[in-house]
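Structure below is final_19.tsv: TSV, C-alpha atoms.
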chain	number	residue	atom	x	y	z
V	1	MET	CA	-25.54	-9.61	-13.39
V	2	PRO	CA	-23.25	-12.66	-13.03
V	3	ARG	CA	-21.38	-13.06	-9.74
V	4	ARG	CA	-17.94	-12.63	-11.29
V	5	SER	CA	-18.83	-9.16	-12.47
V	6	VAL	CA	-20.10	-8.09	-9.04
V	7	LYS	CA	-16.77	-9.12	-7.56
V	8	ARG	CA	-14.92	-7.17	-10.23
V	9	GLU	CA	-17.03	-4.04	-9.59
V	10	ILE	CA	-16.41	-4.25	-5.87
V	11	LEU	CA	-12.67	-4.66	-6.40
V	12	ALA	CA	-12.47	-1.74	-8.85
V	13	ALA	CA	-14.33	0.53	-6.43
V	14	ALA	CA	-12.12	-0.62	-3.54
V	15	ILE	CA	-8.89	0.11	-5.42
V	16	ASN	CA	-10.06	3.65	-6.18
V	17	MET	CA	-11.44	4.45	-2.76
V	18	MET	CA	-8.71	2.81	-0.70
V	19	HIS	CA	-6.08	4.53	-2.81
V	20	GLN	CA	-7.77	7.92	-2.44
V	21	ARG	CA	-8.94	7.80	1.18
V	22	GLY	CA	-6.92	5.01	2.75
V	23	PHE	CA	-8.12	1.70	4.17
V	24	ASN	CA	-9.75	2.86	7.40
V	25	ALA	CA	-11.63	5.78	5.88
V	26	THR	CA	-13.25	3.46	3.33
V	27	GLY	CA	-16.24	1.52	4.62
V	28	VAL	CA	-17.64	-1.64	3.08
V	29	GLN	CA	-20.89	0.25	2.50
V	30	ASP	CA	-19.02	3.08	0.67
V	31	ILE	CA	-17.48	0.46	-1.59
V	32	THR	CA	-20.68	-1.40	-2.44
V	33	ALA	CA	-22.48	1.92	-3.01
V	34	ALA	CA	-19.71	3.14	-5.35
V	35	ALA	CA	-19.73	-0.23	-7.12
V	36	GLY	CA	-23.51	-0.06	-7.50
V	37	VAL	CA	-24.02	-3.50	-5.98
V	38	PRO	CA	-26.17	-4.57	-3.03
V	39	LYS	CA	-24.39	-4.19	0.31
V	40	GLY	CA	-25.30	-7.78	1.16
V	41	SER	CA	-23.35	-9.09	-1.83
V	42	PHE	CA	-20.01	-8.08	-0.31
V	43	TYR	CA	-19.44	-11.12	1.87
V	44	ASN	CA	-20.41	-13.48	-0.96
V	45	HIS	CA	-17.23	-12.37	-2.69
V	46	PHE	CA	-14.79	-11.33	0.03
V	47	GLU	CA	-14.13	-12.92	3.39
V	48	SER	CA	-13.45	-9.57	5.02
V	49	LYS	CA	-12.53	-5.97	4.30
V	50	GLU	CA	-8.94	-6.99	5.09
V	51	ALA	CA	-9.05	-9.69	2.38
V	52	LEU	CA	-10.43	-7.13	-0.08
V	53	GLY	CA	-7.65	-4.72	0.95
V	54	ILE	CA	-5.05	-7.31	-0.01
V	55	GLU	CA	-6.70	-7.96	-3.37
V	56	ALA	CA	-6.90	-4.21	-4.00
V	57	LEU	CA	-3.20	-3.80	-3.12
V	58	ASN	CA	-2.25	-6.66	-5.45
V	59	ALA	CA	-4.32	-5.25	-8.31
V	60	TYR	CA	-2.76	-1.80	-7.82
V	61	TRP	CA	0.69	-3.36	-7.72
V	62	ARG	CA	0.16	-5.27	-10.97
V	63	VAL	CA	0.16	-1.90	-12.75
V	64	GLY	CA	3.38	-0.88	-11.00
V	65	LEU	CA	4.89	-4.25	-11.82
V	66	GLY	CA	4.41	-3.51	-15.52
V	67	TRP	CA	6.48	-0.33	-15.24
V	68	LEU	CA	9.38	-2.39	-13.94
V	69	ASP	CA	9.80	-3.57	-17.55
V	70	ILE	CA	11.45	-0.19	-18.15
V	71	LEU	CA	14.40	-1.46	-16.08
V	72	ASN	CA	14.96	-4.35	-18.50
V	73	SER	CA	14.79	-2.32	-21.68
V	74	SER	CA	17.81	-2.35	-23.95
V	75	ASP	CA	17.09	1.16	-25.24
V	76	ALA	CA	19.43	2.96	-22.87
V	77	PRO	CA	22.23	2.38	-20.34
V	78	PRO	CA	21.06	0.95	-16.96
V	79	LEU	CA	21.65	4.22	-15.07
V	80	SER	CA	19.35	6.05	-17.51
V	81	LEU	CA	16.78	3.28	-17.21
V	82	LEU	CA	16.72	3.75	-13.43
V	83	LYS	CA	16.08	7.48	-13.86
V	84	THR	CA	13.39	6.85	-16.46
V	85	TYR	CA	11.77	4.27	-14.21
V	86	PHE	CA	11.56	6.53	-11.17
V	87	ARG	CA	10.25	9.36	-13.35
V	88	ARG	CA	7.51	7.07	-14.63
V	89	ALA	CA	6.55	6.15	-11.07
V	90	ALA	CA	6.58	9.83	-10.05
V	91	LYS	CA	4.42	10.72	-13.06
V	92	ALA	CA	1.71	8.40	-11.73
V	93	ILE	CA	1.70	10.40	-8.49
V	94	LYS	CA	1.69	13.73	-10.34
V	95	ASP	CA	-1.13	12.59	-12.65
V	96	GLU	CA	-3.35	12.28	-9.56
V	97	ASN	CA	-2.38	15.84	-8.55
V	98	TYR	CA	-0.36	14.38	-5.68
V	99	ARG	CA	-3.58	13.66	-3.79
V	100	THR	CA	-3.35	9.90	-3.54
V	101	GLY	CA	0.36	9.03	-3.41
V	102	CYS	CA	1.55	5.44	-3.77
V	103	MET	CA	-0.94	2.89	-2.47
V	104	VAL	CA	1.88	0.54	-1.46
V	105	GLY	CA	3.42	3.25	0.75
V	106	ASN	CA	-0.01	4.30	2.01
V	107	PHE	CA	-0.87	0.78	3.12
V	108	ALA	CA	2.61	0.34	4.61
V	109	ILE	CA	2.10	3.37	6.82
V	110	GLU	CA	-1.55	2.98	7.66
V	111	MET	CA	-1.93	-0.78	8.06
V	112	SER	CA	1.40	-2.25	9.26
V	113	GLY	CA	0.36	-1.86	12.88
V	114	ALA	CA	-3.21	-3.09	12.50
V	115	SER	CA	-3.08	-5.99	10.03
V	116	ASP	CA	-0.33	-8.58	9.87
V	117	LEU	CA	-1.78	-9.91	6.62
V	118	ILE	CA	-1.62	-6.51	4.91
V	119	ARG	CA	1.79	-5.81	6.42
V	120	ALA	CA	3.15	-9.13	5.07
V	121	GLN	CA	1.74	-8.46	1.62
V	122	THR	CA	3.16	-4.94	1.58
V	123	ALA	CA	6.56	-6.28	2.69
V	124	SER	CA	6.43	-8.83	-0.10
V	125	VAL	CA	5.62	-6.19	-2.73
V	126	LEU	CA	8.43	-3.93	-1.51
V	127	SER	CA	10.82	-6.87	-1.56
V	128	VAL	CA	10.01	-7.80	-5.19
V	129	TRP	CA	10.24	-4.10	-6.10
V	130	SER	CA	13.67	-3.73	-4.44
V	131	ARG	CA	15.02	-6.81	-6.22
V	132	ALA	CA	13.99	-5.53	-9.65
V	133	ILE	CA	15.83	-2.28	-8.93
V	134	GLU	CA	18.81	-4.22	-7.60
V	135	ASP	CA	19.25	-6.10	-10.89
V	136	CYS	CA	19.42	-2.80	-12.76
V	137	VAL	CA	21.80	-1.30	-10.18
V	138	LYS	CA	24.10	-4.29	-10.69
V	139	ARG	CA	24.18	-3.66	-14.42
V	140	ALA	CA	24.87	0.05	-13.85
V	141	GLN	CA	27.75	-0.90	-11.58
V	142	ALA	CA	29.02	-3.42	-14.10
V	143	ASP	CA	29.14	-0.87	-16.94
V	144	GLY	CA	31.00	1.58	-14.69
V	145	SER	CA	28.29	4.27	-14.47
V	146	MET	CA	27.31	3.67	-10.81
V	147	ARG	CA	29.68	3.62	-7.82
V	148	ARG	CA	30.79	0.17	-6.70
V	149	ASP	CA	31.85	0.92	-3.14
V	150	LEU	CA	28.28	0.19	-1.96
V	151	ASP	CA	26.55	-3.10	-2.63
V	152	ALA	CA	23.72	-3.25	-5.15
V	153	LYS	CA	21.13	-4.56	-2.70
V	154	THR	CA	21.75	-1.74	-0.23
V	155	ILE	CA	21.64	0.89	-2.99
V	156	ALA	CA	18.42	-0.59	-4.41
V	157	ARG	CA	16.62	-0.65	-1.07
V	158	PHE	CA	17.84	2.88	-0.38
V	159	LEU	CA	16.60	4.12	-3.76
V	160	LEU	CA	13.16	2.59	-3.34
V	161	ASN	CA	12.72	3.77	0.24
V	162	SER	CA	13.96	7.26	-0.66
V	163	TRP	CA	11.56	7.40	-3.55
V	164	GLN	CA	8.74	6.41	-1.19
V	165	GLY	CA	9.82	9.22	1.15
V	166	ALA	CA	9.75	11.62	-1.79
V	167	ALA	CA	6.23	10.42	-2.65
V	168	MET	CA	5.19	11.16	0.92
V	169	ARG	CA	6.62	14.69	0.78
V	170	ALA	CA	5.04	15.30	-2.63
V	171	LYS	CA	1.68	14.34	-1.13
V	172	VAL	CA	2.09	16.89	1.66
V	173	ASP	CA	3.52	19.69	-0.47
V	174	ARG	CA	1.29	18.92	-3.49
V	175	ASN	CA	4.14	19.48	-5.91
V	176	TYR	CA	6.93	17.67	-7.76
V	177	ALA	CA	9.84	19.21	-5.81
V	178	ALA	CA	10.60	16.16	-3.64
V	179	PHE	CA	10.92	13.97	-6.76
V	180	THR	CA	13.32	16.49	-8.31
V	181	ASP	CA	15.37	16.50	-5.10
V	182	PHE	CA	15.40	12.69	-5.13
V	183	GLU	CA	16.60	12.44	-8.70
V	184	THR	CA	19.15	15.24	-8.35
V	185	VAL	CA	20.78	14.01	-5.16
V	186	ALA	CA	20.49	10.24	-5.54
V	187	PHE	CA	21.77	10.03	-9.08
V	188	LYS	CA	24.54	12.59	-8.68
V	189	ALA	CA	25.73	10.97	-5.45
V	190	LEU	CA	25.50	7.40	-6.74
V	191	SER	CA	27.09	7.96	-10.15
V	192	ALA	CA	30.62	6.65	-10.51
G	193	MET	CA	-11.22	17.52	38.10
G	194	PRO	CA	-10.46	20.97	36.69
G	195	ARG	CA	-11.15	21.52	33.01
G	196	ARG	CA	-7.52	22.09	32.08
G	197	SER	CA	-6.64	18.62	33.25
G	198	VAL	CA	-9.44	16.96	31.27
G	199	LYS	CA	-8.09	18.63	28.16
G	200	ARG	CA	-4.60	17.40	28.96
G	201	GLU	CA	-5.82	13.83	29.49
G	202	ILE	CA	-7.68	13.86	26.19
G	203	LEU	CA	-4.64	15.19	24.36
G	204	ALA	CA	-2.30	12.61	25.92
G	205	ALA	CA	-4.64	9.76	24.96
G	206	ALA	CA	-5.03	11.17	21.45
G	207	ILE	CA	-1.26	11.38	20.88
G	208	ASN	CA	-0.84	7.74	21.90
G	209	MET	CA	-3.78	6.35	20.00
G	210	MET	CA	-3.37	8.43	16.85
G	211	HIS	CA	0.33	7.56	16.75
G	212	GLN	CA	-0.37	3.84	17.19
G	213	ARG	CA	-3.50	3.38	15.09
G	214	GLY	CA	-3.60	6.44	12.85
G	215	PHE	CA	-6.16	9.23	12.73
G	216	ASN	CA	-9.08	7.45	11.08
G	217	ALA	CA	-8.89	4.31	13.20
G	218	THR	CA	-9.10	6.40	16.37
G	219	GLY	CA	-12.60	7.44	17.36
G	220	VAL	CA	-13.48	10.30	19.69
G	221	GLN	CA	-15.11	7.73	21.98
G	222	ASP	CA	-11.93	5.60	22.04
G	223	ILE	CA	-9.98	8.68	23.09
G	224	THR	CA	-12.32	9.80	25.86
G	225	ALA	CA	-12.55	6.21	27.14
G	226	ALA	CA	-8.74	5.87	27.19
G	227	ALA	CA	-8.47	9.27	28.87
G	228	GLY	CA	-11.05	8.24	31.45
G	229	VAL	CA	-13.19	11.32	30.86
G	230	PRO	CA	-16.88	11.62	29.94
G	231	LYS	CA	-17.48	11.40	26.20
G	232	GLY	CA	-19.53	14.58	26.38
G	233	SER	CA	-16.54	16.55	27.66
G	234	PHE	CA	-14.70	16.24	24.33
G	235	TYR	CA	-16.35	19.15	22.53
G	236	ASN	CA	-15.89	21.43	25.53
G	237	HIS	CA	-12.18	21.25	24.85
G	238	PHE	CA	-11.76	20.60	21.14
G	239	GLU	CA	-13.70	22.03	18.24
G	240	SER	CA	-13.39	18.81	16.26
G	241	LYS	CA	-11.39	15.60	15.96
G	242	GLU	CA	-9.41	17.37	13.23
G	243	ALA	CA	-8.48	20.18	15.65
G	244	LEU	CA	-7.40	17.58	18.22
G	245	GLY	CA	-5.36	15.83	15.52
G	246	ILE	CA	-3.44	19.05	14.89
G	247	GLU	CA	-2.78	19.55	18.61
G	248	ALA	CA	-1.64	15.92	18.91
G	249	LEU	CA	0.70	16.33	15.92
G	250	ASN	CA	2.16	19.53	17.41
G	251	ALA	CA	2.69	17.91	20.81
G	252	TYR	CA	4.39	14.91	19.18
G	253	TRP	CA	6.57	17.22	17.12
G	254	ARG	CA	7.69	19.23	20.18
G	255	VAL	CA	9.59	16.11	21.30
G	256	GLY	CA	11.20	15.72	17.86
G	257	LEU	CA	12.01	19.43	17.87
G	258	GLY	CA	14.09	18.88	21.03
G	259	TRP	CA	16.24	16.28	19.26
G	260	LEU	CA	17.13	18.86	16.62
G	261	ASP	CA	19.38	20.42	19.30
G	262	ILE	CA	21.80	17.59	18.48
G	263	LEU	CA	22.45	19.34	15.16
G	264	ASN	CA	23.66	22.46	16.95
G	265	SER	CA	25.96	20.73	19.39
G	266	SER	CA	29.65	21.69	19.35
G	267	ASP	CA	30.71	18.22	20.51
G	268	ALA	CA	31.43	16.82	17.07
G	269	PRO	CA	31.88	17.85	13.41
G	270	PRO	CA	28.61	18.67	11.58
G	271	LEU	CA	28.67	15.49	9.46
G	272	SER	CA	28.84	13.36	12.63
G	273	LEU	CA	26.07	15.41	14.20
G	274	LEU	CA	23.82	14.63	11.22
G	275	LYS	CA	24.50	10.90	11.64
G	276	THR	CA	23.91	11.08	15.39
G	277	TYR	CA	20.70	13.01	14.83
G	278	PHE	CA	19.22	10.52	12.35
G	279	ARG	CA	20.24	7.64	14.65
G	280	ARG	CA	18.42	9.31	17.52
G	281	ALA	CA	15.29	9.69	15.40
G	282	ALA	CA	15.56	6.05	14.26
G	283	LYS	CA	15.99	4.94	17.88
G	284	ALA	CA	12.58	6.42	18.69
G	285	ILE	CA	11.06	4.21	15.98
G	286	LYS	CA	12.98	1.14	17.16
G	287	ASP	CA	11.98	1.76	20.79
G	288	GLU	CA	8.36	1.27	19.75
G	289	ASN	CA	9.33	-2.03	18.05
G	290	TYR	CA	8.74	-0.36	14.67
G	291	ARG	CA	5.00	-0.59	15.24
G	292	THR	CA	4.12	3.09	15.22
G	293	GLY	CA	6.62	4.80	12.92
G	294	CYS	CA	6.88	8.58	12.75
G	295	MET	CA	3.60	10.34	13.46
G	296	VAL	CA	4.55	13.20	11.13
G	297	GLY	CA	5.01	10.77	8.25
G	298	ASN	CA	1.91	8.82	9.25
G	299	PHE	CA	-0.27	11.94	9.21
G	300	ALA	CA	1.36	13.06	5.95
G	301	ILE	CA	0.34	9.83	4.26
G	302	GLU	CA	-3.03	9.27	5.86
G	303	MET	CA	-4.44	12.78	6.09
G	304	SER	CA	-3.03	14.89	3.23
G	305	GLY	CA	-5.93	13.97	0.99
G	306	ALA	CA	-8.68	14.36	3.57
G	307	SER	CA	-7.77	17.40	5.67
G	308	ASP	CA	-6.20	20.57	4.33
G	309	LEU	CA	-5.63	21.77	7.89
G	310	ILE	CA	-3.66	18.67	8.86
G	311	ARG	CA	-1.84	18.68	5.52
G	312	ALA	CA	-0.79	22.32	6.03
G	313	GLN	CA	0.42	21.63	9.57
G	314	THR	CA	2.36	18.57	8.43
G	315	ALA	CA	3.91	20.57	5.59
G	316	SER	CA	4.93	23.25	8.07
G	317	VAL	CA	6.55	20.71	10.43
G	318	LEU	CA	8.46	19.11	7.55
G	319	SER	CA	9.59	22.53	6.37
G	320	VAL	CA	10.97	23.51	9.80
G	321	TRP	CA	12.59	20.07	10.07
G	322	SER	CA	14.25	20.38	6.63
G	323	ARG	CA	15.62	23.83	7.46
G	324	ALA	CA	17.25	22.64	10.69
G	325	ILE	CA	18.97	19.87	8.72
G	326	GLU	CA	19.94	22.36	6.01
G	327	ASP	CA	21.85	24.55	8.49
G	328	CYS	CA	23.91	21.56	9.59
G	329	VAL	CA	24.47	20.46	5.98
G	330	LYS	CA	25.80	23.96	5.22
G	331	ARG	CA	28.29	23.66	8.06
G	332	ALA	CA	29.35	20.19	6.89
G	333	GLN	CA	29.91	21.61	3.41
G	334	ALA	CA	31.82	24.57	4.82
G	335	ASP	CA	34.25	22.36	6.77
G	336	GLY	CA	34.85	20.25	3.67
G	337	SER	CA	33.32	16.98	4.92
G	338	MET	CA	30.21	17.02	2.69
G	339	ARG	CA	30.14	17.38	-1.09
G	340	ARG	CA	29.49	20.90	-2.39
G	341	ASP	CA	28.27	20.11	-5.89
G	342	LEU	CA	24.69	19.87	-4.58
G	343	ASP	CA	23.00	22.70	-2.72
G	344	ALA	CA	22.38	22.39	1.00
G	345	LYS	CA	18.62	22.83	0.77
G	346	THR	CA	18.25	20.04	-1.79
G	347	ILE	CA	20.47	17.70	0.24
G	348	ALA	CA	18.57	18.49	3.45
G	349	ARG	CA	15.16	17.82	1.92
G	350	PHE	CA	16.49	14.66	0.33
G	351	LEU	CA	17.91	13.43	3.66
G	352	LEU	CA	14.70	14.06	5.55
G	353	ASN	CA	12.47	12.52	2.89
G	354	SER	CA	14.78	9.52	2.55
G	355	TRP	CA	14.77	9.04	6.30
G	356	GLN	CA	10.96	9.13	6.24
G	357	GLY	CA	11.02	6.49	3.51
G	358	ALA	CA	13.33	4.38	5.68
G	359	ALA	CA	10.92	4.78	8.61
G	360	MET	CA	8.11	3.52	6.37
G	361	ARG	CA	10.11	0.46	5.30
G	362	ALA	CA	11.16	-0.22	8.91
G	363	LYS	CA	7.49	-0.23	9.87
G	364	VAL	CA	6.69	-2.82	7.20
G	365	ASP	CA	9.75	-5.01	7.77
G	366	ARG	CA	9.74	-4.57	11.59
G	367	ASN	CA	13.50	-4.22	11.70
G	368	TYR	CA	16.29	-1.65	11.58
G	369	ALA	CA	17.66	-2.60	8.16
G	370	ALA	CA	16.19	0.36	6.24
G	371	PHE	CA	17.82	2.81	8.67
G	372	THR	CA	21.17	1.07	8.22
G	373	ASP	CA	20.75	1.28	4.42
G	374	PHE	CA	19.88	4.97	4.76
G	375	GLU	CA	22.93	5.80	6.85
G	376	THR	CA	25.29	3.67	4.77
G	377	VAL	CA	24.28	4.99	1.38
G	378	ALA	CA	23.39	8.59	2.18
G	379	PHE	CA	26.49	9.39	4.20
G	380	LYS	CA	28.94	7.54	1.97
G	381	ALA	CA	27.47	9.12	-1.15
G	382	LEU	CA	27.24	12.64	0.30
G	383	SER	CA	30.64	12.77	1.96
G	384	ALA	CA	33.23	14.90	0.20
Would you give me this structure, written as structure tokens?
Amino acid sequence: MPRRSVKREILAAAINMMHQRGFNATGVQDITAAAGVPKGSFYNHFESKEALGIEALNAYWRVGLGWLDILNSSDAPPLSLLKTYFRRAAKAIKDENYRTGCMVGNFAIEMSGASDLIRAQTASVLSVWSRAIEDCVKRAQADGSMRRDLDAKTIARFLLNSWQGAAMRAKVDRNYAAFTDFETVAFKALSA
Amino acid sequence: MPRRSVKREILAAAINMMHQRGFNATGVQDITAAAGVPKGSFYNHFESKEALGIEALNAYWRVGLGWLDILNSSDAPPLSLLKTYFRRAAKAIKDENYRTGCMVGNFAIEMSGASDLIRAQTASVLSVWSRAIEDCVKRAQADGSMRRDLDAKTIARFLLNSWQGAAMRAKVDRNYAAFTDFETVAFKALSA
């Protein structure tokens, strides 16, 4: 098996396991076993478990990044696009039966105290994510569908953080209710 | 040293360490070492690390439960009490330099997949917490200061979940900004 493929197998296993169990509950040996590669091969490909964690987070986020395209669609008004976008993100949580939640939020909570590298990467992801929402909020304010007495950046950060809070509650309650509450309150209260 | 006190020392160490590092990154041996008690004494007092985790969560929550008294004060209108309450909760996060976050939210994220007992206890805490907020929201709606086109239960759950999302972001960004965004948007948008 060529080296490149071993690395890819390890990364794929890490994304799955770290998303499902969290960073600390996933051992290097669990990952290599799940990947079906020799334990000793790990450090040929990754400097540390922390470095692998960052690659796993980035790979997970690349999927989420694709969904942000929804916000730039011309199929519907910006306010509808925001709703559709958050529903798409919530669907990903529901599709896993609410067991895994959002890996970005999971890493934020679990690793911000222990790893400055993971914290910085998570902060960077959340910052890119907020800005994509902000652009759509600006357009919704410009077309008169979203209130303008709050600035777009503040609204965008609020929406993303509130959605993350809803994802947390959905994980605990194992149902969609928190996402419904989020959509109902946020969009009613922020509409112009 | 009498047994009761050993148990108390273990619990106090567990609250600190599990709040700071999370459940999985805290070993039984770390806890007994920090408590200054023999490692072997652990299972005389706790059935399992999971059982200790639940006691630690409950002890942490008893402090938060005390702050809910703010919501029943007669010193200010209900809408102001809600703001004061969420500021008090945010102050607790700030006082730890944003390093630890809210232990209820941390356990929700980290343990919901792995422990049904901890998940159920976290769900129960969040449910009590939401209901206390709901009572105050009802009073704010009744005195005309909060919008009435959304039901109190939905608003209360939304506020709590959004605050938890803000606590997550504050932990990543290591600053108060997410709490400011929360207060600014939520209270402006929910005021009548």
Query - Best match for closeness to chain G among V:Asn72, V:Thr122, V:Asn44, V:Ser130, counting all atoms listed in the file - result: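 The answer is V:Thr122, which sits nearest to chain G.
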**Report entry** Distance-based interface of chain V with chain G, 7 Å, counting only C-alpha atoms, as an MDAnalysis selection string
**Finding:** chainID V and resid 21:22 24:25 99:100 106 108:110 112:114 119 122:123 154:155 158 161:162 164:166 168:169 171:173 181:182 185 189:190
With C-alpha atoms retained, export the selected residues as a PDB file, in the coordinates of the input.
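The file below, again.pdb, is the result:
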ATOM      1  CA  ARG V  21      -8.940   7.800   1.180  1.00  0.00           C
ATOM      2  CA  GLY V  22      -6.920   5.010   2.750  1.00  0.00           C
ATOM      3  CA  ASN V  24      -9.750   2.860   7.400  1.00  0.00           C
ATOM      4  CA  ALA V  25     -11.630   5.780   5.880  1.00  0.00           C
ATOM      5  CA  ARG V  99      -3.580  13.660  -3.790  1.00  0.00           C
ATOM      6  CA  THR V 100      -3.350   9.900  -3.540  1.00  0.00           C
ATOM      7  CA  ASN V 106      -0.010   4.300   2.010  1.00  0.00           C
ATOM      8  CA  ALA V 108       2.610   0.340   4.610  1.00  0.00           C
ATOM      9  CA  ILE V 109       2.100   3.370   6.820  1.00  0.00           C
ATOM     10  CA  GLU V 110      -1.550   2.980   7.660  1.00  0.00           C
ATOM     11  CA  SER V 112       1.400  -2.250   9.260  1.00  0.00           C
ATOM     12  CA  GLY V 113       0.360  -1.860  12.880  1.00  0.00           C
ATOM     13  CA  ALA V 114      -3.210  -3.090  12.500  1.00  0.00           C
ATOM     14  CA  ARG V 119       1.790  -5.810   6.420  1.00  0.00           C
ATOM     15  CA  THR V 122       3.160  -4.940   1.580  1.00  0.00           C
ATOM     16  CA  ALA V 123       6.560  -6.280   2.690  1.00  0.00           C
ATOM     17  CA  THR V 154      21.750  -1.740  -0.230  1.00  0.00           C
ATOM     18  CA  ILE V 155      21.640   0.890  -2.990  1.00  0.00           C
ATOM     19  CA  PHE V 158      17.840   2.880  -0.380  1.00  0.00           C
ATOM     20  CA  ASN V 161      12.720   3.770   0.240  1.00  0.00           C
ATOM     21  CA  SER V 162      13.960   7.260  -0.660  1.00  0.00           C
ATOM     22  CA  GLN V 164       8.740   6.410  -1.190  1.00  0.00           C
ATOM     23  CA  GLY V 165       9.820   9.220   1.150  1.00  0.00           C
ATOM     24  CA  ALA V 166       9.750  11.620  -1.790  1.00  0.00           C
ATOM     25  CA  MET V 168       5.190  11.160   0.920  1.00  0.00           C
ATOM     26  CA  ARG V 169       6.620  14.690   0.780  1.00  0.00           C
ATOM     27  CA  LYS V 171       1.680  14.340  -1.130  1.00  0.00           C
ATOM     28  CA  VAL V 172       2.090  16.890   1.660  1.00  0.00           C
ATOM     29  CA  ASP V 173       3.520  19.690  -0.470  1.00  0.00           C
ATOM     30  CA  ASP V 181      15.370  16.500  -5.100  1.00  0.00           C
ATOM     31  CA  PHE V 182      15.400  12.690  -5.130  1.00  0.00           C
ATOM     32  CA  VAL V 185      20.780  14.010  -5.160  1.00  0.00           C
ATOM     33  CA  ALA V 189      25.730  10.970  -5.450  1.00  0.00           C
ATOM     34  CA  LEU V 190      25.500   7.400  -6.740  1.00  0.00           C
TER      35      LEU V 190
END
Report task. Can you pull out every residue within 12 Å of V:Ala51, counting only C-alpha atoms, but drop anything in the same chain fewer than 2 positions away, and send it as a list in words? Result ->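 Once the adjacent positions are removed, what remains is Leu11, Ala14, Phe23, Val28, Phe42, Tyr43, His45, Phe46, Glu47, Ser48, Lys49, Gly53, Ile54, Glu55, Ala56, Leu57, Asn58, Ser115, Asp116, Leu117, Ile118 and Gln121 of chain V.
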Query raised in the report: What gap, in Å, lies between atom CA of V:Gln141 and atom CA of V:Gly64?
Result: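 Straight-line distance from atom CA of V:Gln141 to atom CA of V:Gly64 works out to 24.4 Å.
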Query raised in the report: Which value, in Å to one decimal, gives the distance between atom CA of G:Ser265 and atom CA of G:Asp287?
Result: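 Interatomic distance here is 23.6 Å.
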Requested in this report: State, in Å with one decimal place, the distance from atom CA of V:Ile70 to atom CA of V:Asp143.
Outcome: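 Taking atom CA of V:Ile70 as the start and atom CA of V:Asp143 as the end point, the length is 17.7 Å.
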Query raised in the report: For V:Arg148, which residue among V:Ala192, V:Lys91, V:Phe86, V:Cys136 is the nearest when counting all atoms listed in the file?
Result: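 Smallest distance to V:Arg148 is found for V:Ala192.
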Requested in this report: Identify which of the residues V:Ala152, V:Met146, V:Ala140, V:Ile15 lies closest to V:Trp61, counting all atoms listed in the file when measuring atom-to-atom distances.
Outcome: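 Of all the options, V:Ile15 lies closest to V:Trp61.
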Requested in this report: Rank nothing, just name the residue among G:Leu271, G:Ile202, G:Ala251, G:Leu263 nearest to G:Ile325, using only C-alpha atoms.
Outcome: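 Distance minimum relative to G:Ile325 lands on G:Leu263.
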Report summary line: Min atom-atom distance to V:Glu96 from the set V:Asn175, V:Ser5, V:Ser145, V:Gln29, counting all atoms listed in the file, belongs to V:Asn175
